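Engineer: Structure file input-v4.txt (compact mmCIF, C-alpha atoms) is given on the next line.
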# COMPACT_ATOMS: atom_id res chain seq x y z
CA MET V 1 0.00 0.00 0.00
CA ARG V 2 2.81 2.33 1.00
CA VAL V 3 4.69 1.52 -2.20
CA ASN V 4 1.54 2.32 -4.17
CA GLN V 5 1.28 5.73 -2.55
CA GLU V 6 4.88 6.54 -3.35
CA ARG V 7 4.36 5.49 -6.93
CA ARG V 8 1.24 7.63 -7.18
CA ALA V 9 3.19 10.61 -5.81
CA GLN V 10 5.84 10.03 -8.47
CA TRP V 11 3.26 9.92 -11.25
CA LEU V 12 1.69 13.09 -9.93
CA ARG V 13 5.01 14.96 -9.85
CA GLY V 14 5.28 14.47 -13.60
CA VAL V 15 1.82 15.73 -14.50
CA LEU V 16 0.60 18.03 -11.71
CA ASP V 17 1.57 21.23 -13.53
CA LEU V 18 -0.20 19.99 -16.65
CA CYS V 19 -3.34 19.12 -14.64
CA VAL V 20 -3.29 22.55 -12.99
CA LEU V 21 -3.14 24.20 -16.43
CA ALA V 22 -5.99 21.99 -17.62
CA ILE V 23 -8.21 22.90 -14.65
CA LEU V 24 -7.40 26.60 -15.22
CA ALA V 25 -8.44 26.19 -18.86
CA ARG V 26 -12.01 25.88 -17.45
CA GLY V 27 -11.69 29.34 -15.89
CA GLU V 28 -9.71 31.24 -13.25
CA SER V 29 -9.41 29.74 -9.80
CA TYR V 30 -7.50 30.04 -6.49
CA GLY V 31 -5.29 27.54 -4.68
CA TYR V 32 -7.75 25.79 -2.39
CA GLU V 33 -10.42 25.58 -5.08
CA LEU V 34 -7.83 24.10 -7.46
CA ALA V 35 -6.90 21.49 -4.84
CA GLN V 36 -10.59 20.55 -4.55
CA SER V 37 -11.01 20.34 -8.34
CA LEU V 38 -7.92 18.12 -8.63
CA GLU V 39 -9.24 15.84 -5.90
CA ALA V 40 -12.67 15.72 -7.54
CA ALA V 41 -10.91 14.76 -10.81
CA GLY V 42 -9.55 11.66 -9.04
CA LEU V 43 -5.96 12.81 -8.52
CA GLY V 44 -6.26 12.33 -4.76
CA PRO V 45 -5.71 14.95 -2.08
CA ILE V 46 -3.02 17.47 -3.12
CA GLN V 47 -1.26 19.16 -0.21
CA GLY V 48 -0.84 22.95 -0.25
CA GLY V 49 2.88 22.39 0.20
CA THR V 50 2.90 20.60 -3.17
CA LEU V 51 0.41 22.74 -5.05
CA TYR V 52 1.57 26.32 -4.34
CA PRO V 53 5.21 25.86 -5.42
CA VAL V 54 3.86 24.47 -8.71
CA LEU V 55 1.63 27.55 -9.10
CA LEU V 56 4.60 29.84 -8.36
CA ARG V 57 6.66 28.07 -10.98
CA LEU V 58 3.87 28.38 -13.55
CA GLN V 59 3.50 32.07 -12.71
CA ARG V 60 7.25 32.68 -12.98
CA SER V 61 7.39 31.01 -16.37
CA GLY V 62 4.46 33.10 -17.62
CA LEU V 63 2.08 30.19 -18.18
CA VAL V 64 -0.42 31.60 -15.68
CA THR V 65 -1.11 35.12 -14.44
CA ALA V 66 -2.18 35.90 -10.88
CA HIS V 67 -4.31 38.61 -9.31
CA TRP V 68 -5.31 39.26 -5.73
CA ARG V 69 -9.03 39.74 -5.44
CA GLU V 70 -11.42 40.22 -2.55
CA GLY V 71 -13.86 37.30 -2.18
CA VAL V 72 -17.66 37.85 -2.11
CA ALA V 73 -17.74 37.46 1.66
CA GLY V 74 -14.27 36.37 2.68
CA PRO V 75 -10.78 37.87 2.60
CA ALA V 76 -8.57 38.40 -0.48
CA ARG V 77 -7.49 35.37 -2.47
CA LYS V 78 -4.87 34.96 -5.17
CA TYR V 79 -6.63 33.99 -8.40
CA TYR V 80 -4.77 32.26 -11.19
CA ARG V 81 -5.62 32.44 -14.86
CA LEU V 82 -4.23 30.64 -17.90
CA SER V 83 -2.14 32.93 -20.15
CA ALA V 84 -1.97 32.62 -23.93
CA ALA V 85 1.44 30.95 -23.56
CA GLY V 86 -0.02 28.59 -20.94
CA SER V 87 -2.84 27.59 -23.20
CA GLU V 88 -0.42 26.87 -26.05
CA THR V 89 1.86 24.83 -23.75
CA LEU V 90 -1.15 22.92 -22.44
CA ARG V 91 -2.30 22.05 -25.94
CA LEU V 92 1.12 20.76 -27.07
CA THR V 93 1.98 18.91 -23.86
CA ALA V 94 -1.45 17.32 -23.59
CA ASN V 95 -0.87 15.78 -27.02
CA ASP V 96 2.52 14.43 -25.92
CA TRP V 97 1.02 13.06 -22.72
CA ASN V 98 -1.84 11.35 -24.53
CA ALA V 99 0.60 9.61 -26.87
CA PHE V 100 2.77 8.55 -23.90
CA ALA V 101 -0.14 7.41 -21.72
CA GLY V 102 -1.60 5.57 -24.72
CA GLY V 103 1.65 3.61 -25.09
CA VAL V 104 1.76 2.77 -21.38
CA GLY V 105 -1.90 1.73 -21.47
CA ALA V 106 -1.40 -0.52 -24.50
CA VAL V 107 1.55 -2.34 -22.88
CA LEU V 108 -0.25 -2.77 -19.56
CA ARG V 109 -3.41 -4.02 -21.23
CA GLU V 110 -1.43 -6.98 -22.61
CA VAL V 111 -0.76 -7.98 -18.98
CA ALA V 112 -4.37 -7.51 -17.95
CA ALA V 113 -5.52 -9.67 -20.88
CA GLN V 114 -3.37 -12.67 -19.83
CA MET H 1 1.30 24.08 15.70
CA ASN H 2 -1.28 26.84 15.57
CA PRO H 3 -1.66 28.61 12.20
CA GLN H 4 -0.47 32.02 13.43
CA VAL H 5 2.72 30.54 14.87
CA TRP H 6 3.30 28.48 11.73
CA LEU H 7 2.73 31.51 9.44
CA ALA H 8 5.11 33.66 11.50
CA ALA H 9 7.73 30.90 11.35
CA LEU H 10 7.17 30.65 7.57
CA ALA H 11 7.78 34.41 7.15
CA GLY H 12 11.09 34.03 9.00
CA GLU H 13 12.13 31.01 6.95
CA LEU H 14 11.25 32.71 3.64
CA SER H 15 13.47 35.63 4.56
CA ARG H 16 16.21 33.18 5.58
CA HIS H 17 15.91 31.58 2.14
CA GLY H 18 16.49 34.93 0.46
CA ILE H 19 12.86 35.54 -0.62
CA GLY H 20 12.22 39.30 -0.89
CA PRO H 21 9.56 40.92 1.31
CA ASP H 22 7.06 41.42 -1.55
CA LEU H 23 7.00 37.80 -2.65
CA ALA H 24 7.21 36.54 0.93
CA GLY H 25 4.12 38.62 1.80
CA HIS H 26 2.22 37.02 -1.08
CA VAL H 27 3.29 33.50 -0.13
CA VAL H 28 2.32 33.95 3.53
CA ALA H 29 -1.03 35.57 2.63
CA GLU H 30 -1.83 32.76 0.20
CA ALA H 31 -0.95 30.07 2.75
CA ALA H 32 -3.11 31.87 5.34
CA ALA H 33 -6.05 31.97 2.89
CA HIS H 34 -5.58 28.25 2.16
CA LEU H 35 -5.54 27.34 5.87
CA ARG H 36 -8.65 29.45 6.48
CA ASP H 37 -10.51 27.94 3.51
CA SER H 38 -9.53 24.34 4.14
CA GLY H 39 -9.47 24.30 7.94
CA GLU H 40 -6.43 22.02 7.65
CA ALA H 41 -3.59 21.96 10.15
CA PRO H 42 -0.57 23.85 8.74
CA LEU H 43 1.86 20.98 9.31
CA SER H 44 -0.23 18.47 7.38
CA ALA H 45 -1.10 20.91 4.57
CA PHE H 46 2.32 22.51 4.06
CA GLY H 47 4.80 20.57 6.21
CA PRO H 48 7.41 22.26 8.42
CA PRO H 49 7.93 26.01 7.68
CA ALA H 50 11.59 25.51 6.73
CA ALA H 51 10.76 22.76 4.21
CA TYR H 52 7.95 24.78 2.62
CA ALA H 53 10.15 27.90 2.41
CA ALA H 54 12.83 25.79 0.70
CA ALA H 55 10.25 24.51 -1.82
CA VAL H 56 9.12 28.09 -2.52
CA ALA H 57 12.71 29.31 -2.95
CA ASP H 58 13.35 26.37 -5.27
CA SER H 59 10.30 27.11 -7.41
CA VAL H 60 11.24 30.77 -7.95
CA GLY H 61 14.79 29.90 -8.89
CA GLY H 62 16.85 30.95 -5.89
CA PRO H 63 17.09 34.04 -3.74
CA ASP H 64 15.84 37.47 -4.80
CA LEU H 65 19.04 39.39 -5.38
CA ARG H 66 17.52 42.78 -6.21
CA PRO H 67 18.71 45.52 -3.91
CA PRO H 68 16.03 46.24 -1.30
CA ARG H 69 16.06 49.98 -1.92
CA ARG H 70 16.64 51.65 -5.26
CA VAL H 71 18.80 54.72 -5.54
CA PRO H 72 16.75 57.54 -7.09
CA GLY H 73 18.11 58.84 -10.38
CA ALA H 74 18.12 62.23 -12.10
CA VAL H 75 15.56 64.91 -11.25
CA ARG H 76 12.68 64.43 -13.70
CA LEU H 77 10.16 66.95 -12.41
CA ASN H 78 11.03 70.12 -10.56
CA VAL H 79 8.23 72.45 -9.46
CA ARG H 80 9.31 75.76 -7.92
CA GLY H 81 7.04 78.25 -6.18
CA VAL H 82 3.89 77.53 -8.19
CA THR H 83 1.05 79.88 -7.31
CA LYS H 84 -2.43 79.85 -8.81
CA ARG H 85 -5.59 81.80 -8.00
CA TYR H 86 -9.14 81.40 -9.15
CA ARG H 87 -11.01 84.71 -8.92
CA ARG H 88 -8.78 86.21 -6.24
CA ARG H 89 -9.04 82.98 -4.18
CA PRO H 90 -5.57 81.44 -3.86
CA VAL H 91 -5.67 77.74 -4.82
CA LEU H 92 -1.96 77.03 -4.80
CA THR H 93 0.55 79.16 -2.94
CA GLY H 94 4.27 78.73 -3.54
CA VAL H 95 4.17 74.95 -4.09
CA ASP H 96 7.50 73.14 -4.50
CA LEU H 97 7.99 69.51 -5.53
CA THR H 98 11.01 67.57 -6.74
CA VAL H 99 10.59 64.05 -8.14
CA ARG H 100 13.52 61.97 -9.34
CA ALA H 101 13.60 58.95 -11.65
CA GLY H 102 12.52 55.95 -9.57
CA GLU H 103 10.38 57.93 -7.11
CA ILE H 104 6.65 58.15 -6.45
CA ALA H 105 5.15 61.37 -5.13
CA ALA H 106 1.62 61.30 -3.71
CA VAL H 107 -0.33 64.57 -3.88
CA VAL H 108 -2.94 64.61 -1.13
CA GLY H 109 -5.30 67.11 0.43
CA ALA H 110 -8.97 67.89 0.96
CA ASN H 111 -11.41 68.26 -1.95
CA GLY H 112 -10.94 71.54 -3.77
CA CYS H 113 -7.43 72.16 -2.48
CA GLY H 114 -6.06 72.27 -6.02
CA LYS H 115 -4.69 68.76 -6.52
CA SER H 116 -6.00 68.44 -10.09
CA THR H 117 -5.01 72.02 -10.92
CA PHE H 118 -1.51 71.29 -9.67
CA LEU H 119 -1.26 68.21 -11.89
CA ARG H 120 -2.59 70.12 -14.93
CA ILE H 121 0.10 72.74 -14.35
CA CYS H 122 2.75 70.00 -14.17
CA ALA H 123 1.40 68.58 -17.44
CA GLY H 124 1.56 71.99 -19.10
CA LEU H 125 -2.22 72.10 -19.62
CA ALA H 126 -2.69 75.09 -17.32
CA SER H 127 -0.26 77.89 -16.57
CA PRO H 128 0.59 79.08 -13.07
CA ASP H 129 0.24 82.76 -12.08
CA ARG H 130 3.72 82.54 -10.66
CA GLY H 131 6.42 79.87 -10.42
CA LYS H 132 8.01 77.39 -12.81
CA VAL H 133 7.81 73.73 -13.75
CA TYR H 134 10.92 72.04 -15.14
CA VAL H 135 10.52 68.65 -16.81
CA ASN H 136 13.46 66.49 -17.83
CA GLY H 137 12.11 63.91 -20.29
CA THR H 138 8.72 62.96 -21.75
CA VAL H 139 5.43 63.29 -19.86
CA GLY H 140 2.35 61.04 -19.70
CA TYR H 141 -0.81 62.48 -18.16
CA CYS H 142 -3.88 60.56 -16.99
CA PRO H 143 -6.81 62.87 -16.22
CA GLN H 144 -9.38 62.13 -13.53
CA ASP H 145 -12.10 61.71 -16.13
CA SER H 146 -12.63 62.54 -19.83
CA GLY H 147 -9.61 62.05 -22.06
CA THR H 148 -11.27 59.29 -24.06
CA CYS H 149 -13.19 59.70 -27.33
CA GLY H 150 -16.69 58.24 -27.09
CA PHE H 151 -16.94 56.95 -30.64
CA LEU H 152 -13.53 55.28 -30.82
CA THR H 153 -12.84 51.73 -29.63
CA PRO H 154 -10.09 51.09 -27.05
CA GLU H 155 -7.78 49.73 -29.74
CA GLU H 156 -8.30 52.83 -31.89
CA HIS H 157 -7.25 54.85 -28.84
CA PHE H 158 -4.06 52.78 -28.53
CA VAL H 159 -3.21 53.35 -32.20
CA LEU H 160 -4.07 57.08 -32.09
CA ILE H 161 -2.04 57.87 -28.96
CA GLY H 162 0.70 55.47 -30.04
CA ALA H 163 1.00 57.39 -33.34
CA GLY H 164 1.50 60.59 -31.34
CA ARG H 165 4.41 58.86 -29.61
CA GLY H 166 5.83 57.65 -32.94
CA MET H 167 4.80 54.03 -32.39
CA PRO H 168 3.80 51.85 -35.37
CA ARG H 169 0.23 50.54 -35.31
CA THR H 170 1.10 46.93 -34.39
CA ALA H 171 3.43 48.01 -31.58
CA ALA H 172 0.76 50.36 -30.17
CA LEU H 173 -1.85 47.58 -30.24
CA ARG H 174 0.51 45.08 -28.63
CA THR H 175 1.54 47.53 -25.89
CA GLY H 176 -2.05 48.60 -25.24
CA ARG H 177 -3.31 45.02 -24.94
CA ALA H 178 -0.41 43.97 -22.70
CA ASN H 179 -0.95 46.94 -20.38
CA ALA H 180 -4.70 46.25 -20.34
CA ALA H 181 -4.03 42.66 -19.30
CA ALA H 182 -1.91 43.91 -16.40
CA LEU H 183 -5.03 45.74 -15.17
CA ASP H 184 -7.15 42.60 -15.61
CA TRP H 185 -8.88 43.96 -18.72
CA SER H 186 -9.12 42.49 -22.21
CA PRO H 187 -10.67 45.11 -24.52
CA VAL H 188 -13.45 43.89 -26.78
CA SER H 189 -12.60 45.22 -30.22
CA ALA H 190 -16.09 46.37 -31.23
CA THR H 191 -16.96 48.34 -28.07
CA GLN H 192 -16.81 52.11 -28.34
CA ALA H 193 -15.42 54.02 -25.37
CA ARG H 194 -18.81 55.59 -24.56
CA HIS H 195 -20.19 52.09 -23.80
CA LEU H 196 -17.40 51.28 -21.30
CA SER H 197 -17.96 51.52 -17.55
CA GLY H 198 -16.32 54.42 -15.72
CA GLY H 199 -13.69 52.14 -14.22
CA THR H 200 -12.82 50.62 -17.59
CA ARG H 201 -12.57 54.07 -19.20
CA GLN H 202 -10.07 54.96 -16.48
CA LYS H 203 -8.04 51.87 -17.32
CA LEU H 204 -8.04 53.09 -20.93
CA ASN H 205 -6.86 56.54 -19.80
CA LEU H 206 -4.09 54.99 -17.75
CA ILE H 207 -2.91 52.82 -20.64
CA MET H 208 -2.87 55.85 -22.97
CA ALA H 209 -0.83 57.86 -20.46
CA ARG H 210 1.78 55.09 -20.48
CA MET H 211 2.04 54.76 -24.26
CA GLY H 212 5.62 55.28 -25.38
CA GLU H 213 6.97 54.79 -21.83
CA PRO H 214 7.15 58.45 -20.77
CA ASP H 215 9.77 59.37 -18.14
CA VAL H 216 7.28 61.30 -15.99
CA LEU H 217 3.80 59.92 -15.23
CA LEU H 218 1.16 62.29 -13.90
CA LEU H 219 -1.85 60.31 -12.61
CA ASP H 220 -4.96 62.10 -11.35
CA GLU H 221 -6.83 59.57 -9.15
CA PRO H 222 -6.76 57.11 -12.02
CA TYR H 223 -8.33 54.23 -10.07
CA GLN H 224 -11.84 55.68 -9.65
CA GLY H 225 -14.38 52.99 -10.41
CA PHE H 226 -11.78 50.22 -10.05
CA ASP H 227 -12.83 47.28 -7.90
CA ARG H 228 -10.62 46.40 -4.97
CA GLY H 229 -8.62 43.77 -6.86
CA THR H 230 -7.83 46.11 -9.76
CA TYR H 231 -6.97 48.84 -7.28
CA LEU H 232 -4.32 46.55 -5.74
CA ASP H 233 -3.10 45.60 -9.23
CA PHE H 234 -2.87 49.32 -10.03
CA TRP H 235 -0.55 49.99 -7.09
CA HIS H 236 1.58 46.98 -7.95
CA GLU H 237 1.89 48.37 -11.46
CA VAL H 238 2.89 51.80 -10.08
CA TRP H 239 5.62 50.21 -7.95
CA ARG H 240 6.82 48.28 -10.98
CA TRP H 241 7.01 51.50 -13.05
CA ARG H 242 8.95 53.15 -10.24
CA ASP H 243 11.39 50.22 -10.16
CA ALA H 244 11.77 50.70 -13.92
CA GLY H 245 12.99 54.26 -13.25
CA LYS H 246 9.86 56.32 -13.92
CA ALA H 247 9.13 59.47 -11.94
CA ILE H 248 5.47 59.23 -10.86
CA VAL H 249 3.08 61.77 -9.37
CA VAL H 250 -0.24 60.33 -8.13
CA VAL H 251 -3.08 62.50 -6.93
CA THR H 252 -4.97 60.58 -4.28
CA HIS H 253 -7.37 61.10 -1.41
CA LEU H 254 -6.79 57.59 -0.11
CA LEU H 255 -4.12 57.62 2.53
CA ASN H 256 -3.62 53.91 3.08
CA GLN H 257 -0.94 53.59 0.39
CA LEU H 258 1.19 56.47 1.63
CA ASP H 259 3.68 54.19 3.33
CA ARG H 260 4.58 52.85 -0.11
CA VAL H 261 5.43 56.18 -1.75
CA ASP H 262 8.61 58.24 -1.49
CA ILE H 263 7.28 61.78 -1.22
CA VAL H 264 4.01 63.15 0.14
CA LEU H 265 2.88 66.59 -0.98
CA ASP H 266 0.00 67.73 1.20
CA LEU H 267 -1.67 70.66 -0.53
CA THR H 268 -3.98 71.32 2.40
CA SER H 269 -1.11 72.99 4.17
CA THR H 270 1.04 73.39 1.05
CA LYS H 271 3.92 71.60 2.66
CA GLU H 272 6.22 69.08 1.13
CA ARG H 273 7.21 66.27 3.41
CA VAL H 274 9.51 63.37 2.72
CA ALA H 275 7.97 60.03 3.63
Can you give me the file's structure in the form of C-alpha cells?
Structural biologist:
Amino acid sequence: MRVNQERRAQWLRGVLDLCVLAILARGESYGYELAQSLEAAGLGPIQGGTLYPVLLRLQRSGLVTAHWREGVAGPARKYYRLSAAGSETLRLTANDWNAFAGGVGAVLREVAAQ
Amino acid sequence: MNPQVWLAALAGELSRHGIGPDLAGHVVAEAAAHLRDSGEAPLSAFGPPAAYAAAVADSVGGPDLRPPRRVPGAVRLNVRGVTKRYRRRPVLTGVDLTVRAGEIAAVVGANGCGKSTFLRICAGLASPDRGKVYVNGTVGYCPQDSGTCGFLTPEEHFVLIGAGRGMPRTAALRTGRANAAALDWSPVSATQARHLSGGTRQKLNLIMARMGEPDVLLLDEPYQGFDRGTYLDFWHEVWRWRDAGKAIVVVTHLLNQLDRVDIVLDLTSTKERVA
C-alpha cells in the first residue's frame, strides 16, 4: 500500500503542472479551489505544500497570471488564470502526454488480458 | 502548531531563504487563505515552515538578489514656487515639488485644495500665475475623467495615442493590450469608449498615459471605479514602473498607500514632506 502511494506521488510529480493548467483552462481559480477540483478529478488529495510551489513556478514562467481579489464574503485570495502561452503549452503537452499514456496503457493491457 | 505561529515561522524562513519581502508577503497571505478555507492543520497541509520555504525558494529559482532599496536617479520633475488663483481665491501658494527617476510622489489634500489644478500645471495644460515647472524627459498624463473619445474603440485609442508617440500601429496595439491585461482587462474590439464603464474608461486613460513609456507619469486619481482587486493591481503596477525608473506623481485622497510612496505633498497645508 505504501509503495503504491509513493508510486502515485511520483506519477503526480510528472503531470501536476499539466493538470493545474488543464483545470485553469475551465476558468480562473484560487489555490484551495484548485486542490478541490484536482481531488474531484480523481488525482487524490493534493497538499498545499505541493500545489503552491507548482503555481509559483507556472507564474514565474508566464504560463499563468495571478491577481489578488477580494472574495464575495471572505478575505482576499490569489486567483490564477491561464495565459496565452499557458494555453499553447497545455495544448502541445497534452498531445505528448496522450501519446505517452496511450503507449503505457497498451503495454499494460497486454498484462491484464493474460 | 497553531496557524499564526506556523505563518510567523514561515515568514522568517522565507526571509532566511532569500525571498524578498514582496514575494514573501504574497506566499504567507496565500498560505493563510488556504488554511482558512480548508481548515487544515498547517503541518499536514504545508509541512514544516523551513521545508515549505525551501520549496518556494526552489520554485522561484533561488534568492531574490535585487537591492532592497533603489537609488533615485536624475531629477525628472522640478516644481518651484507655483502659485495659482481662481477669482482672487488662492488655490496654490508657492508649491515646491522635486521628483527623481525611480520615485513616487503622492499629492494629497482635501477636496478643492487644487490637486487636479496642480497636476494640470505639471502637465503643461494650465499655466501658473507665478512659479516654474521644469521637466526632464517625456510626460504622460492621466486625467481624472474625460480624455477618451466616445466613438472610438479602445484599440483605436491605442493606435491614435501610439502614433502621437511615434509608435507603429502593431506596436501600439501590442503595448495597449499587454498593459490592459496587467489591469485585468481584455478590450473587446467592437466596443466604443462611450459604452465602457467608468472604471474601464479609467483603465483606458491609464494605458494611454503610459504609451511610449514616458519618463514622468502624472496620474490624477486614475483608479476611480476600479474594484478592490484592480486597485491593488494598479498599485503593484505603479511600484513596478517606479522600479523601472519612472518618476510618478499620483493625486490621491486615499491615505492607506502612503507608506509605499517616497514623497508626500499635502496641498492642504502646502507643505512638502519626505515620507
Engineer: Using all atoms listed in the file and a cutoff of 7 Å, can you tell me which residues are near (-9.0, 35.0, 6.2) in the file's coordinates, and write them out as a list of chain:residue names?
Structural biologist: V:Gly74, V:Pro75, H:Ala32, H:Ala33, H:Arg36
Engineer: Generate the output file for the selected residues, C-alpha atoms, as a PDB file, in the coordinates of the input.
Structural biologist:
ATOM      1  CA  GLY V  74     -14.270  36.370   2.680  1.00  0.00           C
ATOM      2  CA  PRO V  75     -10.780  37.870   2.600  1.00  0.00           C
TER       3      PRO V  75
ATOM      4  CA  ALA H  32      -3.110  31.870   5.340  1.00  0.00           C
ATOM      5  CA  ALA H  33      -6.050  31.970   2.890  1.00  0.00           C
ATOM      6  CA  ARG H  36      -8.650  29.450   6.480  1.00  0.00           C
TER       7      ARG H  36
END
Engineer: Hey, which of H:Glu156, H:Glu103, H:Asp233, H:Asp262 ends up closest to chain V? Count all atoms listed in the file.
Structural biologist: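 Closest residue, counting all atoms listed in the file: H:Asp233.
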Engineer: What residues in chain H have any atom no more than 7 Å from chain V when counting all atoms listed in the file, and can you write them as a list of chain:residue names?
Structural biologist: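 That gives the following set of residues: H:Glu30, H:Ala33, H:His34, H:Asp37, H:Ser38, H:Ala45, H:Phe46, H:Gly47, H:Tyr52, H:Ala55, H:Val56, H:Ser59, H:Val60, H:Arg228, H:Gly229.
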Engineer: So that I can check the surroundings of H:Leu92, please list as a ChimeraX atom specification every protein, DNA and RNA residue that reaches within 10 Å of it, counting only C-alpha atoms and ignoring chain neighbours fewer than 3 positions away.
Structural biologist: /H:81-86,89,95,113-115,117-118,128-130,267-270
Engineer: Take atom CA of H:Thr138 and atom CA of H:Asp215 and report the distance between them in Å, one decimal.
Structural biologist: 5.2 Å
Engineer: As an exercise, work out the distance from atom CA of H:Pro187 to atom CA of H:Arg201 in Å and give it to one decimal place.
Structural biologist: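 Taking atom CA of H:Pro187 as the start and atom CA of H:Arg201 as the end point, the length is 10.6 Å.
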Engineer: Leaving out H:Leu97 and any residue of its chain fewer than 2 positions from it, which residues lie within 7 Å of it when counting all atoms listed in the file, given as a PyMOL selection string?
Structural biologist: chain H and resi 78-80+95+99+272
Engineer: Using only C-alpha atoms, which residues sit within 7 Å of H:Ala11 once same-chain residues fewer than 3 positions away are excluded, as a PyMOL selection string?
Structural biologist: chain H and resi 7-8+14-15+24+28
Engineer: I need the residues from that last selection saved to file as a compact mmCIF listing (two decimals), in the frame of the given file (with C-alpha atoms), if you can.
Structural biologist:
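Result file again-v6.txt:
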# COMPACT_ATOMS: atom_id res chain seq x y z
CA LEU H 7 2.73 31.51 9.44
CA ALA H 8 5.11 33.66 11.50
CA LEU H 14 11.25 32.71 3.64
CA SER H 15 13.47 35.63 4.56
CA ALA H 24 7.21 36.54 0.93
CA VAL H 28 2.32 33.95 3.53
Engineer: Would you mind telling me which residue in H:Val135, H:Leu125, H:Ala41, H:Leu23 lies nearest to H:Val216 when using all atoms listed in the file?
Structural biologist: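 That would be H:Val135, the residue with the smallest distance to H:Val216.
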Engineer: Provide the atom CA of H:Gly102 to atom CA of H:Gly73 distance in Å, to one decimal place.
Structural biologist: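 Atom CA of H:Gly102 sits 6.3 Å away from atom CA of H:Gly73.
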Engineer: Can you pull out every residue within 12 Å of V:Thr93, counting only C-alpha atoms, but drop anything in the same chain fewer than 3 positions away, and send it as a list in words?
Structural biologist: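 Counting only the stated atoms, we get Gly14, Val15, Asp17, Leu18, Cys19, Leu21, Ala22, Gly86, Ser87, Glu88, Thr89, Leu90, Asp96, Trp97, Asn98, Ala99, Phe100 and Ala101 of chain V.
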Engineer: Residues within 12 Å of H:Asp220, please, as a PyMOL selection string. Count all atoms listed in the file; anything in the same chain fewer than 5 positions from it doesn't count.
Structural biologist: chain H and resi 105-108+114-120+122-123+140-147+202+205-206+209+248-253
